[in-house]
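Encoded as structure tokens, the structure appears first; notes follow it.
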Amino acid sequence: MKKYKLKKNFKGLKKGTQFYLIAESEFIGVKDFVLRTEDLAIRISINERELHNNFILLKYE
């Protein structure tokens with residue numbers, strides 16, 4: 001499972017918040033990602049550009 005860390009404030013979430021990558025999908029060349037916080041309380045759906053601009057990969061298991 002991939003674990004990401006927020007590198008700057010984004011959509012009302014604070015810098016440093018850690019997320020798990022729950023789902024990854026691609027439709028006609030557009031990738032979408034679903035991330036959940038460590039406590040699974042917050043779910044966000046983002047595109048590939050937002051992922052690369054706002055998140056850092058911490059762990060890949």
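Labels used: A, B, ... for chains in the order of the structure tokens, numbers from 1 for residues in each chain, and numbers from 1 for ligands as shown.
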Within 9 Å of Ile56 of chain A, counting only C-alpha atoms, which residues qualify if same-chain residues fewer than 6 places away don't, as a compact mmCIF listing (two decimals) with N, CA, C and O atoms, in the first residue's frame?
# COMPACT_ATOMS: atom_id res chain seq x y z
N LYS A 3 1.73 5.15 0.84
CA LYS A 3 1.42 6.14 1.87
C LYS A 3 2.01 7.48 1.42
O LYS A 3 3.17 7.55 1.02
N TYR A 4 1.18 8.51 1.47
CA TYR A 4 1.59 9.85 1.03
C TYR A 4 1.48 10.85 2.17
O TYR A 4 0.72 10.65 3.11
N LYS A 5 2.25 11.93 2.04
CA LYS A 5 2.22 13.02 3.00
C LYS A 5 1.95 14.31 2.24
O LYS A 5 2.52 14.54 1.17
N LEU A 6 1.08 15.13 2.79
CA LEU A 6 0.72 16.40 2.18
C LEU A 6 1.86 17.40 2.38
O LEU A 6 2.29 17.62 3.51
N LYS A 7 2.39 17.97 1.30
CA LYS A 7 3.54 18.87 1.42
C LYS A 7 3.17 20.33 1.56
O LYS A 7 4.04 21.15 1.85
Please provide as a short mmCIF file (atom, residue, chain, number, x, y, z; two decimals) with C-alpha atoms, in the first residue's frame all residues within 9 Å of segment 45-52 of chain A, with the sequence filter that same-chain residues fewer than 2 positions apart are discarded (counting only C-alpha atoms).
data_model
loop_
_atom_site.label_atom_id
_atom_site.label_comp_id
_atom_site.auth_asym_id
_atom_site.auth_seq_id
_atom_site.Cartn_x
_atom_site.Cartn_y
_atom_site.Cartn_z
CA VAL A 30 -6.92 10.69 -17.19
CA LYS A 31 -5.76 9.18 -13.89
CA ASP A 32 -7.78 9.62 -10.70
CA PHE A 33 -6.69 8.72 -7.19
CA VAL A 34 -8.66 8.20 -3.99
CA LEU A 35 -6.80 8.91 -0.76
CA ARG A 36 -7.90 8.47 2.86
CA ARG A 43 -11.63 10.77 1.78
CA ASN A 54 0.74 18.43 -3.38
CA PHE A 55 1.87 15.03 -2.07
CA ILE A 56 5.11 13.22 -1.29
#
Discussion item. I'd like to know which residues of chain A are strand (DSSP E) (by DSSP, run on the backbone); could you write them as a VMD selection string?
Written reply: chain A and resid 2 to 6 18 to 27 30 to 37 43 to 47 55 to 60
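Here atom CA of Lys8 of chain A stands at a distance of 26.5 Å from atom CA of Gly29 of chain A.
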Taking the chain letters and numbering used in this document, name the residues of chain A that DSSP puts in alpha helix (DSSP H), as a PDB file with N, CA and C atoms, in the first residue's frame.
ATOM      1  N   GLU A  48      -4.019  13.220 -11.259  1.00  0.00           N
ATOM      2  CA  GLU A  48      -2.573  12.962 -11.223  1.00  0.00           C
ATOM      3  C   GLU A  48      -1.763  14.240 -10.979  1.00  0.00           C
ATOM      4  N   ARG A  49      -2.179  15.321 -11.576  1.00  0.00           N
ATOM      5  CA  ARG A  49      -1.472  16.601 -11.416  1.00  0.00           C
ATOM      6  C   ARG A  49      -1.507  17.079  -9.964  1.00  0.00           C
ATOM      7  N   GLU A  50      -2.680  16.985  -9.330  1.00  0.00           N
ATOM      8  CA  GLU A  50      -2.807  17.385  -7.927  1.00  0.00           C
ATOM      9  C   GLU A  50      -1.970  16.478  -7.026  1.00  0.00           C
ATOM     10  N   LEU A  51      -1.913  15.202  -7.342  1.00  0.00           N
ATOM     11  CA  LEU A  51      -1.114  14.264  -6.564  1.00  0.00           C
ATOM     12  C   LEU A  51       0.361  14.654  -6.596  1.00  0.00           C
ATOM     13  N   HIS A  52       0.891  14.904  -7.777  1.00  0.00           N
ATOM     14  CA  HIS A  52       2.319  15.228  -7.911  1.00  0.00           C
ATOM     15  C   HIS A  52       2.661  16.608  -7.352  1.00  0.00           C
ATOM     16  N   ASN A  53       1.742  17.567  -7.423  1.00  0.00           N
ATOM     17  CA  ASN A  53       2.006  18.916  -6.935  1.00  0.00           C
ATOM     18  C   ASN A  53       1.872  19.057  -5.426  1.00  0.00           C
ATOM     19  N   ASN A  54       1.064  18.212  -4.787  1.00  0.00           N
ATOM     20  CA  ASN A  54       0.737  18.433  -3.378  1.00  0.00           C
ATOM     21  C   ASN A  54       1.121  17.312  -2.421  1.00  0.00           C
TER      22      ASN A  54
END
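With only C-alpha atoms as the basis for measurement, A:Ile44 is the residue among A:Ile44, A:Ile28, A:Met1, A:Leu58 that approaches Leu13 of chain A most closely.
With only C-alpha atoms taken into account, the protein and nucleic acid residues at most 8 Å from Glu38 of chain A (excluding it and anything under 5 positions from it in its own chain) are Gln18, Phe19 and Tyr20 of chain A.
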Could you write out that same residue set with N, CA and C atoms as a tab-separated table (two decimals), in the first residue's frame?
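The new file result-v7.tsv reads:
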chain	number	residue	atom	x	y	z
A	18	GLN	N	-1.06	12.69	6.72
A	18	GLN	CA	-0.66	11.49	5.99
A	18	GLN	C	-1.89	10.75	5.46
A	19	PHE	N	-1.73	10.18	4.27
A	19	PHE	CA	-2.83	9.52	3.57
A	19	PHE	C	-2.40	8.16	3.06
A	20	TYR	N	-3.38	7.27	2.90
A	20	TYR	CA	-3.19	6.00	2.22
A	20	TYR	C	-3.84	6.10	0.85
